[in-house]
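Undergrad: The following block contains the structure, expressed as structure tokens.
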Amino acid sequence: MINIKEKRYRIIPLFGIVAMSLFISTGYVYSDKLFEISKNIEIFVKVYKELNANYVDDLDPSALMRTGIDAMVGSLDPYTNYISEAEVESYRILEDEEYKGIGANIALVDDVVTILEPFDGSPALQAGLRAGDQILVVNGLSTAGKKMDDVDRVIRGVPGTELKMTINRPSEEKTFPVSIIRSETNRENVPYHGMVKDGVGYVILTTFTNNSAKNIETAIKELKKEHGPLNGIILDLRDNGGGLLREAILVSNLFIPGGELVVTTRGKTIEDDKTYRTSATPIDLDIPLAILINDRSASASEIVAGVIQDLDRGVLIGQRTYGKGLVQNVQNVAYNNRLKITISKYYIPSGRCIQSAEYANGLPVDIPDERRAKFKTRNGRVVLDGGGVAPDHFIEPEKDTPLMSALKENHMIFKFVNEYIQNRDSLKSTEDYSFTDFPLFEKFIRQHNFEFKTESEKKIEELETLLGEEFSEDRISNINNDMRNAIKQAKQGVLEKEKSTIVREIEKEIVSRYFMQSGRIKYSLSKDMEVITAVGLLTDNARYHELRGI
């Protein structure tokens with residue numbers, strides 16, 4: 001009979017031999033690193049062996065190895081991940097475009113799976129589902145206590161298959177069954193285009209999916225046909241997380257000539273080094289162009305923005321982009337386990353890389369400009385690498401106040417609108433709509449016992465914790481009472497003080513219920529400071545040329 005520990009020992013040397021042969025057989029020719037690799041593999045195997053043999057508690061070898069692997073890939077960029085055999089199917093369902101859902105934004109609201117927004121023309125909308133509907137059961141499985149990823153795996157499936165759900169509609173106090181046939185949900189990547197003012201056209205691209213460039217081209221041609229020659233175009237890439245590389249090249253090609261370098265990829269092997277150029281005829285080489293970006297513009301969005309900036313074709317307005325300039329590939333690493341690994345980086349025409357160089361908790365870390373490498377645009381303007389693309393004209397982003405953050409975190413505006421629209425069948429237009437029932441909202445949040453903490457209150461709590469180590473509870477209370485009373489008085493008027501901002505958010509939510517995403521975008525344009533700034537720059541030739549280095 002073989003002892004379990006002996007069995008483990010026999011496996012471990014084999015692991016080391018296989019690992020070494022893998023490095024040798026794959027042609028790993030970096031001889032200066034080969035010794036370090038073999039030495040550290042031997043150390044790793046011996047540590048693993050000693051832990052299994054001598055650690056006081058019995059260990060699960062698989063779990064221990066997973067911890068080591070996760071720590072190893074976790075020290076790299078956030079996009080290099082290990083996918084175990086047990087996770088492969090779930091990963092495939094969430095990543096594979098062949099698997100479709102019901103066409104809606106879904107999230108946890110008060111720990112209940114809730115539809116935030118059904119997409120226009122989606123199976124969810126066709127089945128009569130609305131924003132605010134709660135999904136209680138999916139194909140016989142309760143969603144109570146489930147994470148959103150777990151629910152999404154059940155909802156997603158092969159187009160044409162049936163999905164049965166039990167829905168609760170709190171606003172009508174009723175629960176009912178729904179049967180939905182999964183189908184292609186081609187959410188528009190250009191959900192809105194139109195004129196803003198002073199002869200400037202506006203086009204928003206939400207994601208780089210199929211036909212992105214074609215849809216932008218169609219939108220611009222329609223604007224020219226309906227309104228005549230344009231004084232400029234605003235291309236909105238804010239919150240656009242990227243998508244298909246080929247569409248990024250085609251979108252760039254709309255405004256720059258054929259044959260221009262757009263992006264190169266460089267990796268460890270020559271097979272990963274590729275060059276991509278434009279090849280089509282642009283729709284307009286001369287029209288003034290402004291691209292809106294922010295810290296959630298990533299990947300393909302950064303390529304387009306970076307190309308336009310490097311070639312001095314237009315101006316970028318907003319905030320520095322996210323900094324995602326990596327290419328991943330999924331490799332089989334035996335026993336049906338996978339490794340999603342970064343194999344190369346994107347470089348735009350000036351030679352700079354848009355990839356963030358440092359991360360903390362999976363998010364890019366802002367690197368001071370003095371530590372970034374300098375490059376030059378076609379007109380000689382200095383641009384920097386090391387994390388995203390910086391705008392030519394920076395606009396301080398509007399930050400939520402503690403009150404607004406709390407309202408959003410608790411979905412108070414969302415839940416209020418769910419009730420508010422019940423007795424309102426229609427809305428005539430987005431242009432002349434105004435919300436005038438603010439007292440109803442105030443009553444709603446009082447009924448729901450809504451509370452929020454100011455930054456001052458949070459600091460006081462931190463101070464109390466610190467003082468608790470040195471003073472009695474009575475003394476601490478006396479120290480903070482005066483401050484708390486002052487904050488309480490100040491909070492009494494904060495709702496009225498921020499009324500205009502809250503009303504604007506309520507109006508956007510109401511408009512989206514009747515006119516979907518396009519209506520919400522259209523409503524917001526006249527109040528969007530970055531759009532207003534872009535119009536001003538596009539119609540000021542001297543300032544526009546100055547920003548482009550002309």
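Residues in the structure tokens are numbered from 1 in each chain, the chains being A, B, ... in the order shown, and ligands are numbered from 1 in the order shown.
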From a DSSP calculation on the backbone, collect every residue of region 34-280 of chain A in helix (DSSP H, G or I) and output the set as a PyMOL selection string.
TA: chain A and resi 34-54+61-74+85-95+123-126+148-155+170-172+212-227+245-253+270-272
Undergrad: Taking 2 positions as the minimum chain separation for residues in the same chain, which residues sit within 8 Å of Ile317 (chain A) when counting only C-alpha atoms? Answer as a VMD selection string.
TA: chain A and resid 290 to 293 315 319 391 to 395 530 534
Undergrad: Would you write out, as a tab-separated table, a table of all residues in region 111-223 of chain A that have an atom no more than 10 Å from an atom of region 269-289 of chain A, listing for each the closest atom pair and the distance in Å to one decimal, considering only C-alpha atoms and ordering rows by chain and rising residue number?
TA:
residue	atom	partner	partner_atom	distance
A:Val200	CA	A:Pro288	CA	9.3
A:Gly201	CA	A:Leu289	CA	9.8
A:Glu217	CA	A:Ile283	CA	7.2
A:Ile220	CA	A:Ile283	CA	8.8
A:Lys221	CA	A:Ile283	CA	8.7
Undergrad: Give the strand (DSSP E or B) residues of region 258-477 of chain A, as assigned by DSSP on the backbone, as a ChimeraX atom specification.
TA: /A:261-267,274-277,289-293,315-318,326-332,338-347,353,359-360,363-364,374-376,382-384,393-394
Undergrad: Write out as a count of residues only which residues come within 7 Å of Ala104 (chain A) when counting only C-alpha atoms, dropping same-chain ones fewer than 5 positions away.
TA: 5
Undergrad: Find the residues around Ser62 (chain A) up to 12 Å (only C-alpha atoms counted), leave out those fewer than 6 positions away in its own chain, and share them as a list of chain:residue names.
TA: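 Answer for this query is A:Arg8, A:Tyr48, A:Asn52, A:Gly68, A:Ile69, A:Ser84, A:Glu85.
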Undergrad: Write out, as a short mmCIF file (atom, residue, chain, number, x, y, z; two decimals), in the first residue's frame, the residues just selected, with all heavy atoms.
TA:
data_model
loop_
_atom_site.label_atom_id
_atom_site.label_comp_id
_atom_site.auth_asym_id
_atom_site.auth_seq_id
_atom_site.Cartn_x
_atom_site.Cartn_y
_atom_site.Cartn_z
N ARG A 8 2.55 11.86 -3.07
CA ARG A 8 2.79 13.25 -3.40
C ARG A 8 4.25 13.46 -3.81
O ARG A 8 4.55 14.18 -4.75
CB ARG A 8 2.47 14.15 -2.21
CG ARG A 8 0.98 14.29 -1.91
CD ARG A 8 0.77 15.12 -0.68
NE ARG A 8 -0.65 15.22 -0.35
CZ ARG A 8 -1.09 15.69 0.82
NH1 ARG A 8 -0.23 16.07 1.73
NH2 ARG A 8 -2.38 15.77 1.06
N TYR A 48 7.17 23.59 -2.12
CA TYR A 48 5.87 22.92 -2.26
C TYR A 48 5.90 21.56 -1.57
O TYR A 48 4.97 21.18 -0.85
CB TYR A 48 5.58 22.79 -3.75
CG TYR A 48 4.22 22.24 -4.11
CD1 TYR A 48 3.06 23.00 -3.96
CD2 TYR A 48 4.08 20.95 -4.64
CE1 TYR A 48 1.82 22.51 -4.31
CE2 TYR A 48 2.85 20.44 -4.99
CZ TYR A 48 1.72 21.23 -4.83
OH TYR A 48 0.49 20.73 -5.18
N ASN A 52 3.79 20.35 1.95
CA ASN A 52 2.91 19.19 1.94
C ASN A 52 3.33 18.15 2.97
O ASN A 52 2.50 17.48 3.58
CB ASN A 52 2.91 18.55 0.54
CG ASN A 52 1.88 19.17 -0.37
OD1 ASN A 52 0.70 18.93 -0.26
ND2 ASN A 52 2.35 20.00 -1.29
N GLY A 68 -0.41 29.77 -5.43
CA GLY A 68 0.88 30.16 -6.00
C GLY A 68 0.74 30.72 -7.40
O GLY A 68 1.38 31.72 -7.76
N ILE A 69 -0.09 30.08 -8.21
CA ILE A 69 -0.29 30.54 -9.59
C ILE A 69 -0.96 31.92 -9.61
O ILE A 69 -0.55 32.81 -10.35
CB ILE A 69 -1.12 29.52 -10.39
CG1 ILE A 69 -0.32 28.23 -10.58
CG2 ILE A 69 -1.53 30.09 -11.73
CD1 ILE A 69 -1.12 27.10 -11.21
N SER A 84 -8.85 27.88 -14.36
CA SER A 84 -8.79 26.45 -14.06
C SER A 84 -9.81 25.69 -14.89
O SER A 84 -10.72 26.27 -15.50
CB SER A 84 -9.08 26.22 -12.57
OG SER A 84 -10.44 26.50 -12.29
N GLU A 85 -9.65 24.37 -14.90
CA GLU A 85 -10.56 23.51 -15.67
C GLU A 85 -12.01 23.73 -15.25
O GLU A 85 -12.92 23.77 -16.09
CB GLU A 85 -10.18 22.04 -15.49
CG GLU A 85 -11.04 21.07 -16.27
CD GLU A 85 -10.62 19.63 -16.07
OE1 GLU A 85 -9.82 19.36 -15.16
OE2 GLU A 85 -11.09 18.76 -16.84
#
Undergrad: So that I can see what lies close to region 507-521 of chain A, please list as an MDAnalysis selection string the residues with an atom at most 8 Å from it, counting only C-alpha atoms and leaving out residues fewer than 4 positions away in the same chain.
TA: chainID A and resid 119:120 131 191:192 413:414 417 421 426:427 430 433:435 503 525
Undergrad: Given only C-alpha atoms as the basis, pick out the residue of A:Asn423, A:Thr533, A:Ser526, A:Ser301 nearest to Thr206 (chain A).
TA: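 For Thr206 (chain A), the nearest of the given residues is A:Ser301.
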Undergrad: With distances taken over only C-alpha atoms, which of A:Arg313, A:Lys46, A:Lys324, A:His448 is nearest to Gly242 (chain A)?
TA: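 Ranking A:Arg313, A:Lys46, A:Lys324, A:His448 by distance to Gly242 (chain A), first place goes to A:Lys324.
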Undergrad: Go through A:Ile354, A:Ile256, A:Met404, A:Ile181 one by one, measure the shortest atom-to-atom distance of each to Thr161 (chain A) using only C-alpha atoms, and give the residue with the smallest value.
TA: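 So, comparing all the options, the nearest one is A:Ile181.
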Undergrad: Measuring between only C-alpha atoms, which one of A:Asp150, A:Glu188, A:Asp198, A:Glu409 shows the shortest distance to Leu538 (chain A)?
TA: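 Closest to Leu538 (chain A), using only C-alpha atoms: A:Asp198.
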Undergrad: Taking only C-alpha atoms into account, name the residue in A:Glu419, A:Glu173, A:Asp540, A:Asp310 that is nearest to Asn231 (chain A).
TA: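 Once distances to Asn231 (chain A) are computed over only C-alpha atoms, the minimum belongs to A:Asp540.
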Undergrad: Of the candidates A:Lys408, A:Arg504, A:Lys268, A:His193, which shows the shortest atom-to-atom distance to Asp236 (chain A), using only C-alpha atoms?
TA: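 Using only C-alpha atoms, Asp236 (chain A) sits closest to A:His193.
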Undergrad: Please, what distance in Å, to one decimal, runs between CA of Val109 (chain A) and CA of Ser405 (chain A)?
TA: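 A separation of 15.0 Å between them.
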Undergrad: Between CA of Asn332 (chain A) and CA of Gly243 (chain A), what is the distance, to one decimal in Å?
TA: 23.4 Å
